[in-house]
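One structure below.
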Amino acid sequence: MKILLAAINAKYIHSNLAVYSLKAAARRFGNQIEIAEYTINQQFEDIFSDIYRRQPDVVAFSCYIWNISLIGALVCELHKILPDTKIWLGGPEVSYSARELLEEYAAVAGIMCGEGEETFLELIEYYHSGTGKTSDAEAEGLRGSGEEKGQGRDGGITALSGRSLEHIRGIAYRKVDGTIGQTPPRPALDLSTVPFAYGHIEDFKNRIIYYESSRGCPFSCSYCLSSIDRCLRFRDPELVKRELQFFIDHEVPQVKFVDRTFNCRHDHAMTVWRYIKEHDKGITNFHFEIGADLLNEEEIRLIRSMRPGLIQLEIGVQSANEETVHEIRRSMDLGRVRERVGQIRESGNVHQHLDLIAGLPYEGYESFARSFDTVYSMRPEQLQLGFLKVLKGSLMHEKAEAYGLIYQARPPYEVLATKWLSFGEMIRLKRVEEMVEVYYNSGQ
């Protein structure tokens, strides 16, 4: 049995945390699980041929807005040359429209919806058993070792295999008769049971490491899929410390935390920031996405005392229009954001990256210009002028008609016009974005 986890990244320097987490969760299957990482800049034929050469029995694709079109094309062709290979999809781009995608892509056997570690393990056990059943001897052996569903001997996820696909929670799948079935959502995982994904750090030379110390988001921003998962969980701090020390000891150039709002819990943020400051070797940079208005005086003092380059902060302002911020259900104190960004800037030791989103409700051209001027005046090291993506599953997608949102039918579903912003004005903002990159963000 050979299972291939396929990731198609936006750039070579990126890595895909999802596929490494899935492999770590199913590590007792060892070398039966392979990982293949590609980029969207590679030729279709090269990716297609490489997957064929690997001859997987099961191939699972990690799906996002930047790669779903390419994956759709691969799925259609792979089935022709690997007719017996089971094709599965997972990730945010497919989790919220699973049934529709199964109807669209007849070659896809199923879709993993939401968190994948436990689901993937049960799915592999299903295929590995041949019938989807664990033998009595294997089941008894697992029970005798205390290795039932939950935490195993090595601290990772373990599970007895489902009796059939309909017993695996968190999937949509194609039945034998061709109809589509969907199982109930899977309960949120205890994040501390998810195994560490980076056992072989040599595989990540010259690439960005992605790491999560929490999962879920406490906020409800209408444009973001993270708002759907309100079950906020944190990894055990002692585990986090050990894993951060691994990165520091191996002199990893950059670790990007994928936590949606890293500092939403003060004690958690302070524990991590204190640890990396006290154990810093002067090499590793840590990237955090934070809410600047949530920073308190203790956190500000700690940040200002760090080595220049130890951390960098990404701060989503999105809009300075109060009506817009309220409508998108975002919680933000703009005055406090300005104050905290200014305090950090004064110390000169932290790169700050501030974000704006064009195309939000109640934000016309003049309003966006004021939002731009507000963020520009904060003098961040980088100002990202982004454009609204109308993501399937988000509240923004549900309210698209009410907002007069016109957006691209193809990924990344970027906004073209709204009730408040014409397409012509959007084109002009695209030119502004280009000039910001060429002159401001480049330091020229």
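Letters for chains follow the order of the structure tokens (A, B, ...), residue numbers begin at 1 for each chain, and ligand numbers begin at 1 in the order shown.
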Per-residue DSSP, region 55-304 of chain A, filtered to alpha helix (DSSP H), as a ChimeraX atom specification:
/A:68-81,92-95,98-104,117-129,136-144,237-249,266-278,297-304
Applying 10 Å and only C-alpha atoms, which residues near Asp236 (chain A) remain after dropping the ones on its own chain fewer than 4 positions away? List them as a list of chain:residue names.
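Counting only C-alpha atoms, the residues come to A:Asp190, A:Leu191, A:Ser192, A:Thr193, A:Ser213, A:Ser214, A:Val240, A:Lys241, A:His268.
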With only C-alpha atoms as the basis for distance, which of A:Leu334, A:Leu244, A:Val432, A:Ile68 is at the shortest distance from Ala358 (chain A)?
A:Val432
So which one's closest to Val176 (chain A), A:Phe219, A:Pro237, A:Ile124, A:Gly110? Using only C-alpha atoms, please.
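The shortest atom-to-atom distance to Val176 (chain A) comes from A:Gly110.
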Just checking: using only C-alpha atoms, which residue out of A:Gly170, A:Gly309, A:Pro187, A:Gly181 ends up closest to Asp280 (chain A)?
A:Gly309
Would you mind listing what lies within 6 Å of region 313-329 of chain A as a list in words, with only C-alpha atoms counted and same-chain residues fewer than 2 positions away left out?
Ser220, Cys221, Ser222, His287, Phe288, Glu289, Ile290, Gln352, His353, Leu354, Asp355, Leu356, Ile357, Pro361, Tyr362 and Ser371 of chain A
Give me a file of those residues, with N, CA, C and O atoms, as an mmCIF file, in the first residue's frame.
```
data_model
loop_
_atom_site.group_PDB
_atom_site.id
_atom_site.type_symbol
_atom_site.label_atom_id
_atom_site.label_comp_id
_atom_site.auth_asym_id
_atom_site.auth_seq_id
_atom_site.Cartn_x
_atom_site.Cartn_y
_atom_site.Cartn_z
ATOM 1 N N SER A 220 -14.783 36.869 14.690
ATOM 2 C CA SER A 220 -15.796 36.437 13.721
ATOM 3 C C SER A 220 -15.768 37.259 12.440
ATOM 4 O O SER A 220 -16.817 37.556 11.868
ATOM 5 N N CYS A 221 -14.591 37.632 11.955
ATOM 6 C CA CYS A 221 -14.496 38.452 10.749
ATOM 7 C C CYS A 221 -15.194 37.753 9.583
ATOM 8 O O CYS A 221 -14.907 36.587 9.283
ATOM 9 N N SER A 222 -16.087 38.458 8.921
ATOM 10 C CA SER A 222 -16.996 37.828 7.959
ATOM 11 C C SER A 222 -16.311 37.361 6.685
ATOM 12 O O SER A 222 -16.874 36.551 5.958
ATOM 13 N N HIS A 287 7.882 34.793 13.118
ATOM 14 C CA HIS A 287 6.841 35.662 12.553
ATOM 15 C C HIS A 287 5.519 35.364 13.240
ATOM 16 O O HIS A 287 5.110 34.212 13.351
ATOM 17 N N PHE A 288 4.823 36.423 13.694
ATOM 18 C CA PHE A 288 3.548 36.261 14.387
ATOM 19 C C PHE A 288 2.490 37.167 13.777
ATOM 20 O O PHE A 288 2.758 38.331 13.473
ATOM 21 N N GLU A 289 1.268 36.652 13.640
ATOM 22 C CA GLU A 289 0.125 37.469 13.248
ATOM 23 C C GLU A 289 -0.623 37.841 14.526
ATOM 24 O O GLU A 289 -1.086 36.960 15.254
ATOM 25 N N ILE A 290 -0.720 39.133 14.800
ATOM 26 C CA ILE A 290 -1.249 39.559 16.093
ATOM 27 C C ILE A 290 -2.351 40.605 15.934
ATOM 28 O O ILE A 290 -2.542 41.184 14.862
ATOM 29 N N GLN A 352 7.421 45.493 11.228
ATOM 30 C CA GLN A 352 5.963 45.446 11.314
ATOM 31 C C GLN A 352 5.349 45.487 9.913
ATOM 32 O O GLN A 352 5.719 46.309 9.087
ATOM 33 N N HIS A 353 4.404 44.592 9.696
ATOM 34 C CA HIS A 353 3.727 44.417 8.410
ATOM 35 C C HIS A 353 2.247 44.675 8.670
ATOM 36 O O HIS A 353 1.602 43.939 9.415
ATOM 37 N N LEU A 354 1.692 45.752 8.098
ATOM 38 C CA LEU A 354 0.294 46.114 8.305
ATOM 39 C C LEU A 354 -0.523 45.852 7.042
ATOM 40 O O LEU A 354 -0.065 46.138 5.934
ATOM 41 N N ASP A 355 -1.718 45.302 7.228
ATOM 42 C CA ASP A 355 -2.573 44.891 6.109
ATOM 43 C C ASP A 355 -3.819 45.763 5.975
ATOM 44 O O ASP A 355 -4.434 46.148 6.973
ATOM 45 N N LEU A 356 -4.212 46.018 4.730
ATOM 46 C CA LEU A 356 -5.486 46.637 4.385
ATOM 47 C C LEU A 356 -6.198 45.748 3.375
ATOM 48 O O LEU A 356 -5.552 45.071 2.571
ATOM 49 N N ILE A 357 -7.538 45.778 3.377
ATOM 50 C CA ILE A 357 -8.311 45.019 2.392
ATOM 51 C C ILE A 357 -9.230 45.972 1.637
ATOM 52 O O ILE A 357 -10.072 46.647 2.239
ATOM 53 N N PRO A 361 -17.444 45.951 2.577
ATOM 54 C CA PRO A 361 -18.709 46.706 2.559
ATOM 55 C C PRO A 361 -18.574 48.086 3.208
ATOM 56 O O PRO A 361 -17.821 48.265 4.167
ATOM 57 N N TYR A 362 -19.300 49.036 2.648
ATOM 58 C CA TYR A 362 -19.349 50.424 3.110
ATOM 59 C C TYR A 362 -18.034 51.181 2.918
ATOM 60 O O TYR A 362 -17.882 52.283 3.436
ATOM 61 N N SER A 371 -8.493 55.221 4.791
ATOM 62 C CA SER A 371 -7.935 54.052 5.473
ATOM 63 C C SER A 371 -6.461 53.881 5.114
ATOM 64 O O SER A 371 -5.612 53.601 5.974
#
```
Check the smallest atom-to-atom distance from each of A:Asp249, A:Glu346, A:Glu363, A:Glu34 to Leu421 (chain A) using only C-alpha atoms, then report the winner.
A:Glu363
How many Å lie between CA of Ile300 (chain A) and CA of Val337 (chain A), rounded to one decimal?
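For CA of Ile300 (chain A) relative to CA of Val337 (chain A), the distance reads 12.3 Å.
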List the neighbours of Arg340 (chain A) out to 12 Å using only C-alpha atoms; skip same-chain residues closer than 3 positions along the sequence, and give me the result as a list in words.
Ile290, Gly291, Ala292, Asp293, Leu294, Leu295, Asn296, Glu297, Glu298, Glu299, Ile300, Arg301, Ile303, Arg304, Leu313, Ile315, Asp333, Leu334, Gly335, Arg336, Val337, Gln343, Ile344, Arg345, Glu346, Ser347, Gln352, Met378 and Pro380 of chain A
Please list as a PyMOL selection string every residue within 10 Å of Leu101 (chain A), counting only C-alpha atoms and excluding residues in the same chain fewer than 3 positions away.
chain A and resi 72+89+94-98+104-106+108+110-111+172
Any chance you can output those residues with N, CA, C and O atoms as a PDB file, in the first residue's frame?
```pdb
ATOM      1  N   GLY A  72      -7.674  20.518  -9.781  1.00  0.00           N
ATOM      2  CA  GLY A  72      -8.829  20.055 -10.550  1.00  0.00           C
ATOM      3  C   GLY A  72      -8.422  19.458 -11.881  1.00  0.00           C
ATOM      4  O   GLY A  72      -8.945  18.412 -12.305  1.00  0.00           O
ATOM      5  N   LEU A  89      -9.370  14.661  -1.506  1.00  0.00           N
ATOM      6  CA  LEU A  89      -9.043  16.072  -1.358  1.00  0.00           C
ATOM      7  C   LEU A  89      -9.263  16.476   0.094  1.00  0.00           C
ATOM      8  O   LEU A  89     -10.049  15.865   0.813  1.00  0.00           O
ATOM      9  N   VAL A  94     -11.889  23.061  -0.055  1.00  0.00           N
ATOM     10  CA  VAL A  94     -12.867  22.011  -0.392  1.00  0.00           C
ATOM     11  C   VAL A  94     -13.760  21.618   0.779  1.00  0.00           C
ATOM     12  O   VAL A  94     -14.764  20.937   0.597  1.00  0.00           O
ATOM     13  N   SER A  95     -13.419  22.045   1.990  1.00  0.00           N
ATOM     14  CA  SER A  95     -14.148  21.588   3.175  1.00  0.00           C
ATOM     15  C   SER A  95     -15.586  22.079   3.235  1.00  0.00           C
ATOM     16  O   SER A  95     -16.443  21.433   3.842  1.00  0.00           O
ATOM     17  N   TYR A  96     -15.863  23.240   2.622  1.00  0.00           N
ATOM     18  CA  TYR A  96     -17.179  23.862   2.790  1.00  0.00           C
ATOM     19  C   TYR A  96     -18.089  23.692   1.568  1.00  0.00           C
ATOM     20  O   TYR A  96     -19.195  24.218   1.549  1.00  0.00           O
ATOM     21  N   SER A  97     -17.608  22.964   0.573  1.00  0.00           N
ATOM     22  CA  SER A  97     -18.440  22.690  -0.603  1.00  0.00           C
ATOM     23  C   SER A  97     -18.162  21.271  -1.100  1.00  0.00           C
ATOM     24  O   SER A  97     -18.070  21.022  -2.304  1.00  0.00           O
ATOM     25  N   ALA A  98     -18.014  20.358  -0.169  1.00  0.00           N
ATOM     26  CA  ALA A  98     -17.574  19.002  -0.499  1.00  0.00           C
ATOM     27  C   ALA A  98     -18.532  18.275  -1.435  1.00  0.00           C
ATOM     28  O   ALA A  98     -18.123  17.664  -2.421  1.00  0.00           O
ATOM     29  N   GLU A 104     -18.989  17.556  -9.155  1.00  0.00           N
ATOM     30  CA  GLU A 104     -18.252  18.131 -10.285  1.00  0.00           C
ATOM     31  C   GLU A 104     -17.131  17.224 -10.766  1.00  0.00           C
ATOM     32  O   GLU A 104     -16.888  17.100 -11.964  1.00  0.00           O
ATOM     33  N   TYR A 105     -16.441  16.581  -9.830  1.00  0.00           N
ATOM     34  CA  TYR A 105     -15.278  15.750 -10.180  1.00  0.00           C
ATOM     35  C   TYR A 105     -15.598  14.285  -9.911  1.00  0.00           C
ATOM     36  O   TYR A 105     -15.466  13.792  -8.780  1.00  0.00           O
ATOM     37  N   ALA A 106     -15.997  13.590 -10.950  1.00  0.00           N
ATOM     38  CA  ALA A 106     -16.396  12.190 -10.804  1.00  0.00           C
ATOM     39  C   ALA A 106     -15.242  11.290 -10.393  1.00  0.00           C
ATOM     40  O   ALA A 106     -15.445  10.198  -9.863  1.00  0.00           O
ATOM     41  N   VAL A 108     -13.016  11.868  -8.079  1.00  0.00           N
ATOM     42  CA  VAL A 108     -12.656  12.006  -6.670  1.00  0.00           C
ATOM     43  C   VAL A 108     -13.452  11.028  -5.820  1.00  0.00           C
ATOM     44  O   VAL A 108     -14.681  10.981  -5.894  1.00  0.00           O
ATOM     45  N   GLY A 110     -13.368  10.960  -2.408  1.00  0.00           N
ATOM     46  CA  GLY A 110     -13.902  11.581  -1.204  1.00  0.00           C
ATOM     47  C   GLY A 110     -13.150  12.835  -0.819  1.00  0.00           C
ATOM     48  O   GLY A 110     -12.103  13.159  -1.383  1.00  0.00           O
ATOM     49  N   ILE A 111     -13.689  13.531   0.166  1.00  0.00           N
ATOM     50  CA  ILE A 111     -13.121  14.798   0.639  1.00  0.00           C
ATOM     51  C   ILE A 111     -13.087  14.783   2.152  1.00  0.00           C
ATOM     52  O   ILE A 111     -14.093  14.465   2.809  1.00  0.00           O
ATOM     53  N   ALA A 172     -16.856  13.561   3.178  1.00  0.00           N
ATOM     54  CA  ALA A 172     -17.892  13.361   2.166  1.00  0.00           C
ATOM     55  C   ALA A 172     -17.300  12.344   1.198  1.00  0.00           C
ATOM     56  O   ALA A 172     -16.114  12.439   0.862  1.00  0.00           O
TER      57      ALA A 172
END
```
Best match for closeness to Asn9 (chain A) among A:Arg53, A:Ile87, A:Ile208, A:Asn31, counting only C-alpha atoms:
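Of all the options, A:Ile208 lies closest to Asn9 (chain A).
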Residue neighbourhood Met435 (chain A), 12 Å, only C-alpha atoms, exclusion window fewer than 5 positions, as a list in words:
Leu383, Gln384, Leu385, Arg428, Leu429, Lys430, Tyr440, Asn441, Ser442, Gly443 and Gln444 of chain A
Would you save the residues from that selection as a PDB file, in the first residue's frame, using N, CA and C atoms?
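Written file, out.pdb:
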```
ATOM      1  N   LEU A 383       3.576  47.637   4.023  1.00  0.00           N
ATOM      2  CA  LEU A 383       2.143  47.905   3.955  1.00  0.00           C
ATOM      3  C   LEU A 383       1.576  47.051   2.832  1.00  0.00           C
ATOM      4  N   GLN A 384       0.708  46.122   3.186  1.00  0.00           N
ATOM      5  CA  GLN A 384       0.112  45.260   2.160  1.00  0.00           C
ATOM      6  C   GLN A 384      -1.285  45.729   1.830  1.00  0.00           C
ATOM      7  N   LEU A 385      -1.468  46.142   0.587  1.00  0.00           N
ATOM      8  CA  LEU A 385      -2.783  46.515   0.089  1.00  0.00           C
ATOM      9  C   LEU A 385      -3.351  45.287  -0.613  1.00  0.00           C
ATOM     10  N   ARG A 428      -7.744  51.232 -10.451  1.00  0.00           N
ATOM     11  CA  ARG A 428      -6.844  52.273  -9.978  1.00  0.00           C
ATOM     12  C   ARG A 428      -6.140  51.846  -8.682  1.00  0.00           C
ATOM     13  N   LEU A 429      -6.879  51.186  -7.804  1.00  0.00           N
ATOM     14  CA  LEU A 429      -6.269  50.692  -6.568  1.00  0.00           C
ATOM     15  C   LEU A 429      -5.231  49.608  -6.848  1.00  0.00           C
ATOM     16  N   LYS A 430      -5.436  48.841  -7.898  1.00  0.00           N
ATOM     17  CA  LYS A 430      -4.425  47.852  -8.294  1.00  0.00           C
ATOM     18  C   LYS A 430      -3.114  48.551  -8.651  1.00  0.00           C
ATOM     19  N   TYR A 440       7.474  51.774  -1.810  1.00  0.00           N
ATOM     20  CA  TYR A 440       7.454  51.783  -0.336  1.00  0.00           C
ATOM     21  C   TYR A 440       8.027  50.500   0.248  1.00  0.00           C
ATOM     22  N   ASN A 441       7.435  49.358  -0.111  1.00  0.00           N
ATOM     23  CA  ASN A 441       7.845  48.116   0.504  1.00  0.00           C
ATOM     24  C   ASN A 441       9.246  47.678   0.136  1.00  0.00           C
ATOM     25  N   SER A 442       9.749  48.145  -1.007  1.00  0.00           N
ATOM     26  CA  SER A 442      11.104  47.797  -1.417  1.00  0.00           C
ATOM     27  C   SER A 442      12.150  48.669  -0.728  1.00  0.00           C
ATOM     28  N   GLY A 443      11.696  49.723  -0.065  1.00  0.00           N
ATOM     29  CA  GLY A 443      12.635  50.634   0.595  1.00  0.00           C
ATOM     30  C   GLY A 443      13.252  51.642  -0.350  1.00  0.00           C
ATOM     31  N   GLN A 444      12.741  51.719  -1.585  1.00  0.00           N
ATOM     32  CA  GLN A 444      13.314  52.653  -2.558  1.00  0.00           C
ATOM     33  C   GLN A 444      12.721  54.055  -2.422  1.00  0.00           C
TER      34      GLN A 444
END
```
Between CA of Tyr223 (chain A) and CA of Ser394 (chain A), what is the spacing in Å?
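Result for CA of Ser394 (chain A) versus CA of Tyr223 (chain A): 5.9 Å, one decimal.
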Which residues are near Gly282 (chain A)? Cut-off 12 Å, only C-alpha atoms, ignore same chain within fewer than 5 positions. Put them as a list in words.
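My reading of the contact set: Ile248, Asp249, Glu251, Val252, Pro253, Gln254, Ile276, Lys277, Met306, Arg307, Pro308, Gly309, Leu310 and Ile311 of chain A.
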May I ask which of the residues A:Arg260, A:His351, A:Arg54, A:Arg410 is the closest one to Phe286 (chain A), counting only C-alpha atoms?
A:His351
Taking the DSSP secondary structure from the backbone, can you list the residues of region 251-311 of chain A that are strand (DSSP E), as a list of chain:residue names?
A:Gln254, A:Val255, A:Lys256, A:Phe257, A:Asn285, A:Phe286, A:His287, A:Phe288, A:Glu289, A:Ile290, A:Ile311
